[in-house]
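Take a look at the structure set out below.
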There are 2 protein chains.
Amino acid sequence: MKSIIKQKFSVSYQYDIHFTSGLFTPENRLLSDFFIAQADGAVPKLLVVIDEGVVTHHPALVERIRDYFGSESAVQLIADVLLVPGGEAVKNQWEPVDRIIESVNRYGIDRHSYIMAIGGGAVLDAVGYAATVAHRGIRHLRVPTTVLSQNDSGMGVKNGINYRGKKNFIGTFSPPVAVFNDNLFLLTLNDRAWVSGISEAVKVALIKDAAFFDWIENHAASLRRRDSEAMDYLIFRCAELHLQHIAGADPFEFGSSRPLDFGHWSAHKLEQLSNFEVLHGEAVAIGIALDTVYSAIIDMLPPSDAQRVLTVLQELGLPIFHPLLESAGGGHPLLAGLEEFREHLGGRLTIMLLKAIGRGVEVHELDKENVLRAAAALQEGVNLVS
Amino acid sequence: MKSIIKQKFSVSYQYDIHFTSGLFTPENRLLSDFFIAQADGAVPKLLVVIDEGVVTHHPALVERIRDYFGSESAVQLIADVLLVPGGEAVKNQWEPVDRIIESVNRYGIDRHSYIMAIGGGAVLDAVGYAATVAHRGIRHLRVPTTVLSQNDSGMGVKNGINYRGKKNFIGTFSPPVAVFNDNLFLLTLNDRAWVSGISEAVKVALIKDAAFFDWIENHAASLRRRDSEAMDYLIFRCAELHLQHIAGADPFEFGSSRPLDFGHWSAHKLEQLSNFEVLHGEAVAIGIALDTVYSAIIDMLPPSDAQRVLTVLQELGLPIFHPLLESAGGGHPLLAGLEEFREHLGGRLTIMLLKAIGRGVEVHELDKENVLRAAAALQEGVNLVS
């Protein structure tokens with residue numbers, strides 16, 4: 001006996017990313033309209049999970065959410081709003097995920113109900129993971145509150161938590177049903193959080209859109225002094241480029257290629273080596289600097305282009321070096337990040353480098369000596385065009 | 001400020017279901033050919049997880065697997081083959097899932113590597129869950145070893161574990177990359193396991209294919225006396241009907257409709273109320289009987305058709321009643337299963353009933369009095385056509 005059945009199908013996803021100001025003010029009808037448009041007979045429930053760090057800066061937020069939904073008939077807010085730790089802490093433990101799943105059970109949140117995550121990228125990741133595995137997937141809504149999550153991670157299809165210190169070791173590919181970017185949340189970010197989120201925009205501009213890089217270069221000073229209009233445009237364009245890439249390529253990353261992770265192999269390792277004292281955006285800025293200088297060292301990128309990249313990162317107030325990059329002899333801990341990056345993506349090592357501003361190229365190996373040379377050049381603050 | 005980006009994409013899946021005899025015998029090249037065809041440069045790893053119940057009946061299995069892959073160069077078997085408990089036990093605890101994730105970490109199993117689950121439906125569900133969340137999804141292979149998993153659950157896209165006694169409360173929709181049905185595993189099943197798996201074939205025939213129901217009716221005796229040729233056909237056709245349904249409708253069940261769950265609302269509850277002493281296939285047979293008689297009571301299905309269904313179930317050796325169905329006054333525990341079923345599916349209650357043999361119809365409510373009346377009729381063994 002030998003026979004076969006061939007199975008084949010596609011699953012379609014669509015979701016809107018809204019850009020607004022004051023999402024939970026009574027006169028803002030965006031959320032209300034969203035739930036009215038989704039109505040399919042039964043009134044769905046809504047479980048809200050908020051980043052504690054956001055509540056610290058917006059102490060009235062929970063009350064405003066209760067007020068907003070108090071008069072809504074298209075959705076039933078679960079009064080027990082959950083608060084979870086912000087930053088990597090939320091991803092380094094099971095407790096917040098367990099607590100969300102327990103609430104799903106207690107309040108009868110079903111697959112047509114909603115779980116809304118309000119917070120930075122780490123909170124969106126952890127809540128998204130809980131939402132996408134409870135009942136094999138409850139509809140999840142994201143309200144990103146940081147530059148980084150509004151322009152990059154909050155747009156995407158990935159959820160996850162850490163495991164034994166390894167980032168996103170456990171997670172799912174599962175898109176949200178909608179994203180609401182509220183620029184008022186950005187006003188209470190400290191300078192470090194504000195600036196660090198810009199590095200993902202620099203990244204996507206470098207690999208995909210030279211005109212956007214020019215724009216960032218021209219607006220570096222106003223972005224650094226927290227000009228809201230410049231930031232609104234930066235977030236919109238950066239989100240748009242990320243979304244276009246996800247839709248056009250391999251959304252659930254079945255292949256080995258991950259162009260949007262330019263600069264990220266070392267960034268992930270740097271975050272881990274620093275016990276997440278280095279913020280993701282800062283680590284990405286350093287990772288961009290490292291792979292840009294590497295691209296110049298191997299004669300792939302003109303030195304003058306590499307210099308432009310380093311200059312714009314510095315003008316934005318982003319770091320381009322960290323003491324953990326210092327060479328410590330043969331067994332440099334940073335280099336272990338290359339194998340961990342390959343392992344997390346799976347298959348063949350695939351690293352994005354730069355051929356020009358706005359033009360990335362994938363390679364399948366890095367020369368370790370030249371990586372350390374690039375790190376040393378960043379430490380010395382070498383002027384590449386001299 | 002008010003603006004929007006609309007995101008939209010599709011994700012394609014394809015996988016083959018192979019039917020074979022003696023998958024791990026050296027002369028069977030099916031698995032070997034599979035890995036050779038998948039090769040993409042790097043040699044992937046293979047972590048094998050086996051149902052302890054299968055190893056009890058096939059004590060040489062682990063050695064045969066090691067021998068089979070010992071000479072393979074297209075894949076690297078992880079020598080540490082994991083054994084996990086069979087049946088619902090594997091889904092009622094975190095330990096097996098944790099152990100698999102720990103092995104993924106220890107042995108560097110990446111997203112292009114494979115996790116193969118060998119066992120009954122419960123083991124496939126739990127291993128599939130671990131595989132689909134580790135690294136956000138490692139390729140998983142299923143080798144179903146029971147009638148039930150070879151003709152139904154092993155074909156599908158669902159994985160999951162239980163939570164506080166609720167079936168599949170935590171899980172994912174994520175298809176395997178291939179399924180290998182080996183009919184030799186069926187030979188060591190006890191009669192109860194052999195027979196109970198047939199109920200899913202009766203189910204899918206009743207809602208989709210009258211000719212297949214006729215075939216089952218004509219082969220009930222040979223199926224019950226364990227004729228392998230009849231079982232091979234039953235499994236193939238049942239798997240085919242399940243696969244066609246999944247591909248044609250709503251594979252990841254974003255809607256409320258779940259036609260393949262005919263007879264399942266009470267079956268899930270019955271399994272839980274009996275502490276899983278009642279096998280899934282037995283519970284489904286009882287659930288089919290209940291909803292069939294209900295369909296007749298509300299004059300949707302001709303009584304003679306209902307009688308045919310009850311007769312074939314009994315000729316197959318399947319139960320059509322359990323003492324837990326006995327009416328216990330107003331608060332019948334079985335009826336709680338209706339709301340739990342609705343909650344797990346989400347949205348509006350949607351239940352499949354029968355209009356004719358081979359023709360299901362969805363309804364959005366069940367009359368509780370008539371449900372209890374149907375249960376009482378089954379208890380009394382009433383002859384519906386008299």
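All residue names refer to the structure tokens as shown: chains lettered A, B, ... in order, residues numbered from 1 in each chain, ligands numbered from 1 in order.
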
- Residue hits in chain A, query chain B, radius 7 Å, only C-alpha atoms, as a PyMOL selection string: chain A and resi 1-21+42+108+110-112+133-137+168-173+243+247+343-348

- Message: For Ile235 (chain A), find every residue with an atom within 9 Å (counting only C-alpha atoms), except residues of its own chain fewer than 4 positions away, and show them as a count of residues only.
- Response: 11

- Query: In region 185-257 of chain A, what's helix (DSSP H, G or I) per DSSP? Answer as a PyMOL selection string?
  - Reply: chain A and resi 185-188+191-196+199-208+210-224+228-248

- Item | DSSP-assigned strand (DSSP E or B) members of region 32-259 of chain A, reported as a ChimeraX atom specification | /A:40,42,45-51,76-77,82-84,114-119,134,139-144,158-163,166-173,178-182

- Query: Ala210 (chain B): which residues within 6 Å, counting only C-alpha atoms, same-chain residues fewer than 2 positions away excluded, as a list of chain:residue names?
  - Reply: B:Phe212, B:Phe213, B:Ile357, B:Gly358

- If you count only C-alpha atoms, which residues fall within 10 Å of His264 (chain B), apart from same-chain ones fewer than 2 positions away, as a ChimeraX atom specification? /B:203,259-262,266-270,280-281,283-288,291,337-338,341,351-352

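Our summary of the geometry notes that CA of Val75 (chain B) is positioned 16.1 Å from CA of Leu23 (chain B).
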
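In this comparison, which uses only C-alpha atoms, the residue of A:Trp194, A:Arg359, A:Glu369, A:Ile298 approaching Glu282 (chain A) most closely is A:Trp194.
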